[in-house]
$ cat data-v4.cif   # mmCIF, C-alpha atoms
data_input
#
loop_
_atom_site.label_atom_id
_atom_site.label_comp_id
_atom_site.auth_asym_id
_atom_site.auth_seq_id
_atom_site.Cartn_x
_atom_site.Cartn_y
_atom_site.Cartn_z
CA MET A 1 29.50 28.97 6.96
CA ARG A 2 26.99 30.31 9.46
CA ARG A 3 24.47 30.83 6.65
CA THR A 4 25.03 27.28 5.49
CA LEU A 5 24.39 25.97 8.98
CA ILE A 6 21.14 27.92 9.20
CA PHE A 7 20.10 26.49 5.82
CA LEU A 8 21.01 22.99 7.01
CA THR A 9 19.05 23.39 10.24
CA LEU A 10 16.00 24.50 8.28
CA ALA A 11 16.41 21.80 5.65
CA LEU A 12 16.64 19.07 8.26
CA SER A 13 13.90 20.36 10.55
CA VAL A 14 11.30 20.90 7.82
CA PRO A 15 11.16 17.25 6.69
CA SER A 16 11.00 16.18 10.32
CA GLN A 17 8.08 18.56 10.93
CA ALA A 18 6.33 17.28 7.81
CA GLN A 19 6.74 13.71 9.03
CA GLU A 20 5.38 14.55 12.45
CA LEU A 21 2.49 16.31 10.78
CA CYS A 22 1.71 13.28 8.62
CA GLN A 23 2.01 11.04 11.68
CA THR A 24 -0.56 13.07 13.62
CA ILE A 25 -2.93 12.97 10.66
CA ALA A 26 -2.35 9.23 10.19
CA ASP A 27 -3.14 8.57 13.86
CA ARG A 28 -6.43 10.45 13.51
CA CYS A 29 -7.26 8.77 10.21
CA GLU A 30 -6.60 5.30 11.58
CA LYS A 31 -9.54 5.70 13.94
CA HIS A 32 -11.87 5.63 10.92
CA ILE A 33 -10.72 2.12 10.02
CA THR A 34 -12.71 0.59 12.85
CA ALA A 35 -12.47 -2.93 14.27
CA GLN A 36 -14.82 -4.37 11.64
CA TYR A 37 -12.26 -3.67 8.92
CA ILE A 38 -8.95 -5.32 8.14
CA PRO A 39 -6.24 -2.78 7.20
CA ASP A 40 -4.79 -3.43 3.72
CA GLY A 41 -1.27 -3.19 5.17
CA GLN A 42 -0.26 -0.08 3.24
CA PHE A 43 0.19 3.59 4.04
CA TYR A 44 -0.56 6.22 1.41
CA ARG A 45 0.42 9.85 1.77
CA ALA A 46 1.27 12.83 -0.35
CA LEU A 47 2.20 16.44 0.23
CA LEU A 48 -0.28 18.68 -1.53
CA GLN A 49 0.07 22.30 -2.40
CA GLY A 50 -2.79 24.43 -3.72
CA ASP A 51 -4.92 22.55 -6.24
CA GLU A 52 -2.56 19.59 -6.63
CA GLN A 53 -4.23 16.20 -6.70
CA ALA A 54 -2.84 12.93 -5.37
CA GLU A 55 -3.91 10.05 -7.55
CA PHE A 56 -3.76 6.35 -6.99
CA ASN A 57 -5.04 3.38 -8.89
CA LEU A 58 -6.44 0.38 -7.17
CA THR A 59 -8.35 -2.77 -7.89
CA LEU A 60 -11.53 -3.27 -5.86
CA PHE A 61 -12.45 -6.94 -5.69
CA GLY A 62 -16.05 -8.03 -6.16
CA GLY A 63 -18.02 -9.14 -3.11
CA THR A 64 -16.01 -6.90 -0.79
CA THR A 65 -16.87 -3.80 1.19
CA TYR A 66 -13.98 -1.35 1.42
CA ARG A 67 -13.59 1.56 3.77
CA VAL A 68 -11.62 4.50 2.42
CA ALA A 69 -10.46 7.07 4.99
CA ALA A 70 -9.00 10.34 3.72
CA CYS A 71 -7.53 12.91 6.08
CA SER A 72 -5.53 16.10 6.10
CA GLY A 73 -5.16 19.24 8.21
CA ASP A 74 -6.05 19.39 11.87
CA ALA A 75 -9.66 18.24 11.58
CA ASP A 76 -11.85 15.96 9.48
CA GLY A 77 -13.28 17.26 6.23
CA VAL A 78 -10.19 18.95 4.78
CA LEU A 79 -9.53 16.36 2.08
CA VAL A 80 -11.86 15.98 -0.89
CA PHE A 81 -11.68 12.63 -2.66
CA SER A 82 -13.40 11.00 -5.61
CA VAL A 83 -13.53 7.42 -6.84
CA ILE A 84 -13.48 7.29 -10.64
CA ASP A 85 -13.85 4.29 -12.96
CA LYS A 86 -11.80 3.57 -16.08
CA ASP A 87 -14.37 5.39 -18.26
CA ASN A 88 -14.01 8.48 -16.08
CA ASN A 89 -17.40 8.10 -14.42
CA VAL A 90 -17.36 9.46 -10.87
CA LEU A 91 -18.63 6.61 -8.71
CA PHE A 92 -18.39 8.54 -5.48
CA SER A 93 -17.23 11.91 -4.23
CA ASN A 94 -17.15 12.87 -0.57
CA LYS A 95 -17.79 16.44 -1.73
CA ASP A 96 -21.43 15.40 -2.11
CA GLN A 97 -21.40 14.14 1.47
CA GLY A 98 -20.07 17.16 3.34
CA ASN A 99 -16.42 16.11 2.82
CA ALA A 100 -17.01 12.97 4.89
CA PRO A 101 -13.62 11.73 6.14
CA TYR A 102 -14.46 8.11 5.38
CA TRP A 103 -16.86 6.18 3.20
CA ASP A 104 -17.70 2.55 2.48
CA LEU A 105 -17.68 1.16 -1.04
CA ALA A 106 -19.65 -2.07 -1.45
CA VAL A 107 -18.37 -3.61 -4.66
CA THR A 108 -20.40 -6.17 -6.58
CA ASN A 109 -17.91 -6.99 -9.35
CA THR A 110 -14.17 -6.46 -9.48
CA ILE A 111 -13.27 -3.09 -10.99
CA ASP A 112 -10.22 -0.94 -11.47
CA VAL A 113 -10.66 2.56 -10.14
CA LYS A 114 -8.69 5.69 -9.58
CA VAL A 115 -8.94 7.71 -6.36
CA GLU A 116 -8.19 11.40 -6.68
CA ALA A 117 -7.66 13.43 -3.54
CA GLY A 118 -7.10 17.15 -3.11
CA LEU A 119 -7.39 19.77 -0.42
CA ASP A 120 -10.60 21.72 0.05
CA PRO A 121 -9.32 25.18 -0.94
CA SER A 122 -11.64 26.86 1.57
CA LYS A 123 -9.97 24.93 4.40
CA ALA A 124 -6.30 24.51 3.52
CA GLY A 125 -3.75 25.77 1.03
CA SER A 126 -1.21 23.02 1.63
CA GLY A 127 -0.87 19.94 3.75
CA CYS A 128 -0.16 16.28 4.15
CA ALA A 129 -2.84 14.00 2.66
CA VAL A 130 -3.21 10.56 4.18
CA LEU A 131 -5.36 7.78 2.74
CA LEU A 132 -6.02 4.51 4.49
CA ILE A 133 -7.94 1.51 3.22
CA GLY A 134 -9.56 -1.34 5.06
CA PHE A 135 -11.98 -4.03 4.01
CA LYS A 136 -14.60 -6.29 5.53
CA LYS A 137 -14.30 -10.04 5.30
CA MET B 1 -12.80 29.00 10.97
CA LEU B 2 -11.55 29.81 7.50
CA ALA B 3 -8.92 32.28 8.74
CA PRO B 4 -5.52 30.61 8.84
CA THR B 5 -4.33 29.84 12.36
CA THR B 6 -0.73 30.28 13.44
CA SER B 7 -0.11 26.56 13.05
CA LYS B 8 -1.56 26.64 9.54
CA ILE B 9 0.69 29.51 8.61
CA ALA B 10 3.65 27.62 10.05
CA LEU B 11 2.63 24.55 8.12
CA GLY B 12 2.31 26.52 4.92
CA LEU B 13 5.78 27.96 5.49
CA CYS B 14 7.24 24.55 6.23
CA LEU B 15 5.67 22.93 3.19
CA GLY B 16 6.64 25.87 1.06
CA LEU B 17 10.23 25.55 2.22
CA LEU B 18 10.15 21.84 1.60
CA LEU B 19 8.78 22.31 -1.90
CA VAL B 20 11.38 24.94 -2.65
CA ALA B 21 14.05 22.60 -1.30
CA CYS B 22 12.76 19.75 -3.46
CA GLY B 23 13.10 21.70 -6.65
CA GLY B 24 15.85 24.03 -5.69
CA SER B 25 19.05 22.46 -6.89
CA ASP B 26 20.25 25.81 -8.22
CA SER B 27 20.07 27.53 -4.87
CA SER B 28 22.13 24.82 -3.19
CA SER B 29 24.75 25.12 -5.87
CA THR B 30 25.30 28.73 -4.89
CA THR B 31 26.56 27.64 -1.49
CA SER B 32 30.11 26.48 -1.14
CA GLY B 33 30.78 23.57 -3.45
CA SER B 34 33.07 22.05 -0.85
CA ASP B 35 30.30 21.80 1.74
CA THR B 36 29.45 18.15 1.30
CA LEU B 37 26.94 18.18 4.16
CA ALA B 38 24.70 20.59 2.27
CA VAL B 39 24.91 18.39 -0.83
CA ASP B 40 24.17 15.24 1.11
CA THR B 41 20.90 16.48 2.57
CA THR B 42 19.23 17.22 -0.77
CA PRO B 43 18.36 13.67 -1.85
CA LYS B 44 16.77 12.99 1.53
CA GLU B 45 14.53 16.00 1.17
CA THR B 46 13.39 15.08 -2.31
CA GLU B 47 12.69 11.51 -1.27
CA LEU B 48 10.76 12.48 1.83
CA LEU B 49 7.24 12.51 0.42
CA ASN B 50 5.47 12.41 -2.86
CA VAL B 51 4.37 15.88 -3.83
CA GLY B 52 1.10 15.27 -5.60
CA GLY B 53 1.64 12.65 -8.28
CA LYS B 54 0.82 8.99 -8.28
CA LEU B 55 0.50 6.59 -5.40
CA PHE B 56 0.32 2.84 -5.74
CA SER B 57 -1.93 0.30 -4.12
CA ILE B 58 -1.38 -3.45 -4.15
CA PRO B 59 -4.19 -5.80 -3.04
CA SER B 60 -3.81 -7.24 0.44
CA PRO B 61 -2.78 -10.94 0.55
CA VAL B 62 -5.59 -11.40 3.06
CA GLN B 63 -8.13 -10.87 0.29
CA THR B 64 -6.61 -13.65 -1.80
CA ALA B 65 -6.50 -15.98 1.19
CA LEU B 66 -10.18 -15.28 1.82
CA ALA B 67 -10.99 -15.96 -1.84
CA LEU B 68 -9.20 -19.32 -1.65
CA ARG B 69 -11.20 -20.32 1.39
CA LYS B 70 -14.43 -19.15 -0.19
CA ALA B 71 -13.69 -21.26 -3.28
CA GLY B 72 -13.40 -24.30 -1.00
CA LEU B 73 -9.76 -25.03 -1.82
CA LYS B 74 -8.10 -27.32 0.69
CA TYR B 75 -5.61 -25.72 3.09
CA GLN B 76 -2.13 -26.99 2.28
CA LYS B 77 0.41 -25.94 4.86
CA ASP B 78 3.22 -27.41 2.75
CA LEU B 79 2.66 -24.76 0.10
CA THR B 80 3.86 -22.03 2.44
CA ALA B 81 7.51 -21.00 2.46
CA PRO B 82 9.92 -22.75 4.85
CA LEU B 83 10.20 -20.71 8.03
CA ASP B 84 13.94 -21.25 8.37
CA LYS B 85 14.44 -19.41 5.10
CA GLY B 86 14.17 -16.11 6.94
CA GLU B 87 17.29 -16.97 8.92
CA ALA B 88 19.24 -17.93 5.82
CA VAL B 89 18.49 -15.11 3.39
CA VAL B 90 21.05 -12.35 3.11
CA GLY B 91 20.71 -8.86 1.71
CA LYS B 92 17.95 -6.31 1.49
CA VAL B 93 16.24 -7.63 -1.64
CA ALA B 94 15.98 -11.23 -0.42
CA GLN B 95 15.04 -10.32 3.15
CA SER B 96 12.35 -7.85 2.08
CA SER B 97 10.85 -10.25 -0.47
CA VAL B 98 10.75 -13.11 2.02
CA LEU B 99 9.14 -10.83 4.60
CA GLY B 100 6.37 -10.17 2.09
CA ILE B 101 6.07 -13.89 1.35
CA TYR B 102 5.70 -14.62 5.07
CA GLY B 103 3.04 -11.90 5.31
CA ALA B 104 0.95 -13.71 2.68
CA ASP B 105 1.60 -17.09 4.35
CA LEU B 106 0.51 -15.61 7.67
CA ALA B 107 -2.78 -14.51 6.13
CA TYR B 108 -3.21 -17.94 4.51
CA ALA B 109 -2.66 -19.75 7.83
CA ALA B 110 -4.83 -17.33 9.83
CA VAL B 111 -7.73 -17.48 7.36
CA HIS B 112 -7.60 -21.28 7.53
CA ARG B 113 -7.52 -21.11 11.33
CA ASP B 114 -4.11 -22.73 11.69
CA GLY B 115 -3.18 -20.72 14.76
CA GLN B 116 0.00 -22.68 15.41
CA ARG B 117 1.40 -22.03 11.93
CA ALA B 118 0.25 -18.40 12.07
CA MET B 119 2.14 -17.94 15.35
CA ALA B 120 5.29 -19.61 14.00
CA THR B 121 5.08 -17.42 10.89
CA MET B 122 4.68 -14.30 12.99
CA GLN B 123 7.80 -15.28 14.95
CA ALA B 124 9.73 -15.67 11.70
CA ILE B 125 8.41 -12.25 10.61
CA GLU B 126 9.62 -10.71 13.86
CA LYS B 127 13.12 -12.12 13.29
CA LEU B 128 13.22 -10.88 9.72
CA GLY B 129 11.80 -7.56 10.86
CA ASN B 130 14.77 -7.26 13.22
CA LYS B 131 17.17 -7.84 10.37
CA LEU B 132 15.43 -5.14 8.35
CA GLU B 133 15.32 -2.83 11.41
CA LEU B 134 11.55 -2.89 11.63
CA THR B 135 11.44 -3.68 15.32
CA ASN B 136 8.87 -0.99 16.05
CA SER B 137 6.34 -2.69 13.79
CA PHE B 138 6.92 -6.35 14.60
CA ASP B 139 7.81 -6.37 18.26
CA ARG B 140 7.34 -8.57 21.32
CA ALA B 141 4.11 -6.78 22.24
CA LEU B 142 2.62 -7.75 18.87
CA LEU B 143 3.71 -11.35 19.37
CA GLU B 144 2.04 -11.38 22.80
CA GLN B 145 -1.17 -9.91 21.35
CA PHE B 146 -1.02 -12.48 18.61
CA LYS B 147 -0.49 -15.33 21.06
CA ALA B 148 -3.41 -14.20 23.19
CA ASN B 149 -5.75 -14.13 20.19
CA LEU B 150 -4.77 -17.28 18.31
CA GLY B 151 -8.38 -18.47 18.36
CA SER B 152 -9.70 -15.30 16.75
CA GLU B 153 -9.16 -15.17 13.01
CA ASP B 154 -10.44 -11.60 12.83
CA SER B 155 -8.01 -10.38 15.48
CA LEU B 156 -5.05 -12.09 13.83
CA LEU B 157 -5.85 -10.57 10.43
CA ARG B 158 -6.34 -7.17 11.96
CA PHE B 159 -3.12 -7.32 13.99
CA SER B 160 -1.09 -8.39 10.97
CA GLY B 161 -2.71 -5.75 8.71
CA THR B 162 -1.99 -3.05 11.28
CA ALA B 163 1.61 -4.24 11.76
CA PHE B 164 2.34 -4.35 8.03
CA ARG B 165 0.83 -0.88 7.61
CA ALA B 166 3.00 0.44 10.46
CA ALA B 167 6.03 -1.13 8.79
CA ASP B 168 5.09 0.43 5.45
CA GLN B 169 4.68 3.82 7.12
CA TYR B 170 8.02 3.49 8.92
CA LEU B 171 9.81 2.51 5.71
CA LYS B 172 8.31 5.41 3.77
CA ASN B 173 9.13 7.85 6.58
CA ASN B 174 12.72 6.70 6.42
CA GLN B 175 13.14 6.87 2.67
CA ARG B 176 13.22 3.07 2.37
CA ASP B 177 10.61 2.86 -0.36
CA ASP B 178 12.64 0.13 -2.07
CA VAL B 179 12.16 -2.18 0.92
CA SER B 180 8.46 -1.27 1.08
CA ALA B 181 8.02 -2.17 -2.61
CA LEU B 182 9.89 -5.46 -2.23
CA VAL B 183 7.75 -6.50 0.74
CA LEU B 184 4.65 -5.80 -1.37
CA ALA B 185 6.14 -7.76 -4.27
CA GLY B 186 6.86 -10.76 -2.06
CA GLY B 187 3.32 -10.72 -0.68
CA TRP B 188 1.74 -10.36 -4.10
CA VAL B 189 3.78 -13.18 -5.69
CA GLU B 190 3.10 -15.53 -2.77
CA SER B 191 -0.64 -14.83 -2.94
CA ILE B 192 -0.74 -15.76 -6.62
CA TYR B 193 1.47 -18.79 -5.96
CA LEU B 194 -0.87 -20.08 -3.24
CA THR B 195 -3.77 -19.64 -5.66
CA ILE B 196 -2.28 -21.45 -8.63
CA SER B 197 -0.49 -24.24 -6.80
CA ASP B 198 -3.67 -26.19 -6.22
CA PRO B 199 -4.69 -27.87 -9.50
CA ALA B 200 -8.32 -27.33 -8.47
CA ALA B 201 -7.83 -23.58 -8.83
CA ALA B 202 -7.49 -23.79 -12.61
CA LYS B 203 -10.97 -25.36 -12.73
CA ASP B 204 -12.54 -22.67 -10.57
CA GLN B 205 -13.56 -19.80 -12.83
CA GLY B 206 -13.81 -17.41 -9.90
CA LEU B 207 -10.16 -17.98 -8.98
CA VAL B 208 -8.99 -17.88 -12.60
CA ASN B 209 -10.74 -14.53 -12.90
CA ARG B 210 -9.10 -13.38 -9.67
CA ILE B 211 -5.69 -14.04 -11.24
CA GLY B 212 -6.63 -12.11 -14.38
CA GLU B 213 -7.99 -9.25 -12.28
CA GLN B 214 -4.49 -8.67 -10.90
CA LYS B 215 -3.22 -7.27 -14.19
CA ASN B 216 -3.36 -3.64 -13.08
CA SER B 217 -1.95 -4.49 -9.67
CA LEU B 218 1.03 -6.09 -11.37
CA ASN B 219 1.49 -3.00 -13.54
CA ALA B 220 1.49 -0.85 -10.40
CA LEU B 221 3.92 -3.19 -8.68
CA VAL B 222 6.37 -3.10 -11.58
CA GLU B 223 6.22 0.69 -11.64
CA LEU B 224 6.71 0.83 -7.89
CA LEU B 225 9.75 -1.47 -8.04
CA GLU B 226 11.20 0.46 -10.94
CA VAL B 227 10.80 3.87 -9.29
CA SER B 228 12.07 2.80 -5.87
CA ASP B 229 15.05 0.64 -6.87
CA LYS B 230 17.51 3.50 -7.14
CA GLU B 231 20.46 1.28 -6.23
CA LYS B 232 19.54 -1.21 -9.00
CA ALA B 233 19.74 -3.97 -6.39
CA ALA B 234 16.57 -5.67 -7.60
CA SER B 235 17.28 -5.64 -11.34
CA ALA B 236 16.93 -9.42 -11.75
CA LEU B 237 13.63 -9.47 -9.90
CA LEU B 238 12.35 -6.48 -11.84
CA ALA B 239 13.28 -8.15 -15.14
CA ALA B 240 11.37 -11.29 -14.13
CA MET B 241 8.36 -9.23 -13.06
CA LYS B 242 8.39 -7.50 -16.43
CA GLU B 243 8.35 -10.89 -18.15
CA LEU B 244 5.32 -11.77 -16.06
CA GLN B 245 3.80 -8.43 -17.01
CA ALA B 246 4.23 -9.35 -20.68
CA LEU B 247 2.31 -12.58 -20.07
CA PHE B 248 -0.47 -10.67 -18.33
CA SER B 249 -0.75 -8.30 -21.28
CA THR B 250 -2.76 -10.99 -23.09
CA VAL B 251 -5.43 -10.86 -20.38
CA ASN B 252 -8.46 -9.06 -21.77
CA SER B 253 -11.11 -7.39 -19.71
CA ALA B 254 -14.50 -5.87 -20.35
CA TYR B 255 -16.22 -3.25 -18.23
CA THR B 256 -19.76 -1.89 -18.22
CA PHE B 257 -20.67 1.11 -16.13
CA GLN B 258 -23.79 0.89 -13.99
CA GLU B 259 -25.08 3.80 -11.95
CA PRO B 260 -23.89 3.42 -8.34
CA VAL B 261 -26.34 3.79 -5.47
CA THR B 262 -25.44 5.78 -2.37
CA ASP B 263 -27.00 5.25 1.04
CA ALA B 264 -25.94 8.40 2.88
CA ALA B 265 -27.30 7.20 6.22
CA LYS B 266 -25.08 4.13 6.08
CA LYS B 267 -22.20 6.10 4.57
CA THR B 268 -22.04 3.48 1.84
CA THR B 269 -22.01 3.55 -1.95
CA PHE B 270 -22.96 0.38 -3.78
CA ILE B 271 -20.88 0.02 -6.91
CA ASN B 272 -22.83 -2.10 -9.35
CA SER B 273 -20.75 -1.85 -12.53
CA THR B 274 -19.99 -5.18 -14.17
CA SER B 275 -16.71 -6.54 -15.44
CA SER B 276 -15.16 -9.70 -16.80
CA VAL B 277 -11.70 -10.99 -17.65
CA MET B 278 -10.55 -13.54 -20.19
CA ILE B 279 -7.25 -15.42 -19.91
CA PRO B 280 -6.29 -17.75 -22.76
CA ALA B 281 -5.64 -21.23 -21.28
CA ASP B 282 -2.08 -21.44 -22.56
CA GLN B 283 -1.32 -18.05 -21.06
CA LEU B 284 -2.65 -19.15 -17.69
CA ALA B 285 -0.17 -22.04 -17.73
CA ALA B 286 2.65 -19.67 -18.67
CA ILE B 287 1.64 -17.26 -15.87
CA MET B 288 1.64 -20.13 -13.38
CA ALA B 289 5.13 -21.20 -14.45
CA LYS B 290 6.49 -17.67 -14.28
CA VAL B 291 5.03 -16.93 -10.84
CA THR B 292 6.57 -20.15 -9.51
CA ALA B 293 9.93 -19.22 -11.01
CA ILE B 294 9.81 -15.74 -9.44
CA ARG B 295 8.90 -17.19 -6.06
CA ASN B 296 11.81 -19.64 -6.32
CA MET B 297 14.08 -16.74 -7.20
CA MET B 298 12.92 -14.86 -4.08
CA LEU B 299 13.50 -17.89 -1.88
CA ALA B 300 16.81 -18.97 -3.43
#

$ encode --input "data-v4.cif" --output "structure tokens"
Amino acid sequence: MRRTLIFLTLALSVPSQAQELCQTIADRCEKHITAQYIPDGQFYRALLQGDEQAEFNLTLFGGTTYRVAACSGDADGVLVFSVIDKDNNVLFSNKDQGNAPYWDLAVTNTIDVKVEAGLDPSKAGSGCAVLLIGFKK
Amino acid sequence: MLAPTTSKIALGLCLGLLLVACGGSDSSSTTSGSDTLAVDTTPKETELLNVGGKLFSIPSPVQTALALRKAGLKYQKDLTAPLDKGEAVVGKVAQSSVLGIYGADLAYAAVHRDGQRAMATMQAIEKLGNKLELTNSFDRALLEQFKANLGSEDSLLRFSGTAFRAADQYLKNNQRDDVSALVLAGGWVESIYLTISDPAAAKDQGLVNRIGEQKNSLNALVELLEVSDKEKAASALLAAMKELQALFSTVNSAYTFQEPVTDAAKKTTFINSTSSVMIPADQLAAIMAKVTAIRNMMLA
């Protein structure tokens, strides 16, 4: 019984810690979606372990500038993300920009893309990945 | 810098434990089978967060509202959903869908600088938010901020975007992904409805294209509803959305890659690839009819 209680305490406290962790990261990440941008109203997060990648598909509408903010760990630059088109061309990777925590995408024509995000293995082995998106009018 | 700190080690341990817990049904079965508490905690752990895998993004209703204004379509307040509907709807599926509908209507009113309607819509959202226990996201402070900025379209759009994101975050933190998906569905359907309800839209190629460009968003939405509706409470809605998905399957698109240009100083990449969509005219009419039917179902 005592062992079960210890297991229960751990099981309940770990998710709560993970949520708090994600919350702290989200609060930091939100600062990158500055006043010029309108938040898209959604919150994207994933727990990553090792070389796991979080992937999400989105439609970028033509004539719009988007800001993508990608955060993990306790400082900027832990999350590596790439924007990839339907033909698997890499349109942007923050790896080429010193793991920049945010980047703007100025889109001429509407396109469907995939964003892949993973941890920089030199900075973290596991963590909560948070992505936020805003756009300019 | 690269050496793991104590907090990183703790985090690694925590995540490791969580991952083990997520996949570890065998280990829990070794504990006493009569300990129902231990059994009850497992689903909550597995639902806590996505571990890797796919995430879904649905376009913001604000973008559609902006496109309507840009196309020069006349603002028609009567197209928006009745605000007393929020009081009348019962049950999670209806309340969540209508909350999403109101979110899109709020964007529509704010973009067309109808501050009075935007405020009334925000009040209806607050009431519905209470019913759905989202009081932290749509609270009195937000209403006051909203009221104080009625003349500023940018502020209203930003406040509402931030509030809906906070609500989405709260719902996901509390394993209420089904409600989150239904709010998105309501917002998406209402955005399309507002677009197609003006006969002038069908003559505007830019707006017709905008409808066709939502094909992948609809696919994501259907998947999201399907994955999150564990209680099968939204089966009728999901079936209708799948019928709409079948109509969208006739939408063809073409894409040509162009080399993007990055301006590192401005932290901006210019994506220059080209694309086009083609919707057969009869299919557009069928899509319009189906979207209207789904909206009526949500508001029934």

$ resolve_selection --input "data-v4.cif" --expression "the PyMOL selection byres ((chain A) within 8 of (chain B))" --output "PyMOL selection string"
chain A and resi 4+8+11-12+14-15+17-19+35+37-49+52-59+87+89+91-92+97+103-112+122-127+137

$ resolve_selection --input "data-v4.cif" --expression "the PyMOL selection byres ((chain B and resi 110-117) around 9)" --output "PyMOL selection string"
chain B and resi 62+65-66+69+75+77+105-109+118-122+147+149-154+156-157

$ write_last_selection --input "data-v4.cif" --atoms "C-alpha atoms" --output "tab-separated table (two decimals), keeping the file's coordinate frame"
chain	number	residue	atom	x	y	z
B	62	VAL	CA	-5.59	-11.40	3.06
B	65	ALA	CA	-6.50	-15.98	1.19
B	66	LEU	CA	-10.18	-15.28	1.82
B	69	ARG	CA	-11.20	-20.32	1.39
B	75	TYR	CA	-5.61	-25.72	3.09
B	77	LYS	CA	0.41	-25.94	4.86
B	105	ASP	CA	1.60	-17.09	4.35
B	106	LEU	CA	0.51	-15.61	7.67
B	107	ALA	CA	-2.78	-14.51	6.13
B	108	TYR	CA	-3.21	-17.94	4.51
B	109	ALA	CA	-2.66	-19.75	7.83
B	118	ALA	CA	0.25	-18.40	12.07
B	119	MET	CA	2.14	-17.94	15.35
B	120	ALA	CA	5.29	-19.61	14.00
B	121	THR	CA	5.08	-17.42	10.89
B	122	MET	CA	4.68	-14.30	12.99
B	147	LYS	CA	-0.49	-15.33	21.06
B	149	ASN	CA	-5.75	-14.13	20.19
B	150	LEU	CA	-4.77	-17.28	18.31
B	151	GLY	CA	-8.38	-18.47	18.36
B	152	SER	CA	-9.70	-15.30	16.75
B	153	GLU	CA	-9.16	-15.17	13.01
B	154	ASP	CA	-10.44	-11.60	12.83
B	156	LEU	CA	-5.05	-12.09	13.83
B	157	LEU	CA	-5.85	-10.57	10.43

$ atom_distance --input "data-v4.cif" --atom1 "CA of Gln36 (chain A)" --atom2 "CA of Arg67 (chain A)"
9.9 Å

$ atom_distance --input "data-v4.cif" --atom1 "CA of Lys31 (chain A)" --atom2 "CA of Ala69 (chain A)"
9.1 Å

$ residues_around --input "data-v4.cif" --residues "Ala71 (chain B)" --least-positions-apart "4" --cutoff "8 Å" --atoms "all atoms listed in the file" --output "ChimeraX atom specification"
/B:67,204,206-207

$ resolve_selection --input "data-v4.cif" --expression "the PyMOL selection byres ((chain B and resi 289-297) around 12)" --output "MDAnalysis selection string"
chainID B and resid 79:82 85 89 93:94 97:98 100:102 185:197 211 218 234 236:248 282:288 298:300

$ atom_distance --input "data-v4.cif" --atom1 "CA of Glu116 (chain A)" --atom2 "CA of Ser82 (chain A)"
5.3 Å

$ closest_residue --input "data-v4.cif" --among "A:Pro121, A:Gly134, A:Gly73, A:Gly50" --to "Gln23 (chain A)" --atoms "only C-alpha atoms"
A:Gly73

$ residues_around --input "data-v4.cif" --residues "Arg28 (chain A)" --least-positions-apart "6" --cutoff "9 Å" --atoms "all atoms listed in the file" --output "JSON, numbers by chain"
{"A": [71, 75, 76]}

$ decode --input "data-v4.cif" --residues "region 26-42 of chain A" --atoms "C-alpha atoms" --output "PDB file, in the first residue's frame"
ATOM      1  CA  ALA A  26       5.222  29.468 -22.788  1.00  0.00           C
ATOM      2  CA  ASP A  27       5.469  32.687 -20.765  1.00  0.00           C
ATOM      3  CA  ARG A  28       8.982  33.278 -22.104  1.00  0.00           C
ATOM      4  CA  CYS A  29       7.985  32.374 -25.650  1.00  0.00           C
ATOM      5  CA  GLU A  30       4.986  34.694 -25.626  1.00  0.00           C
ATOM      6  CA  LYS A  31       7.318  37.665 -25.340  1.00  0.00           C
ATOM      7  CA  HIS A  32       8.542  36.942 -28.882  1.00  0.00           C
ATOM      8  CA  ILE A  33       5.047  37.497 -30.278  1.00  0.00           C
ATOM      9  CA  THR A  34       5.326  41.250 -29.868  1.00  0.00           C
ATOM     10  CA  ALA A  35       2.556  43.861 -30.049  1.00  0.00           C
ATOM     11  CA  GLN A  36       2.752  44.099 -33.844  1.00  0.00           C
ATOM     12  CA  TYR A  37       1.490  40.533 -34.177  1.00  0.00           C
ATOM     13  CA  ILE A  38      -1.942  39.048 -33.569  1.00  0.00           C
ATOM     14  CA  PRO A  39      -1.765  35.662 -31.795  1.00  0.00           C
ATOM     15  CA  ASP A  40      -3.424  32.879 -33.816  1.00  0.00           C
ATOM     16  CA  GLY A  41      -5.371  31.810 -30.708  1.00  0.00           C
ATOM     17  CA  GLN A  42      -3.749  28.389 -30.382  1.00  0.00           C
TER      18      GLN A  42
END
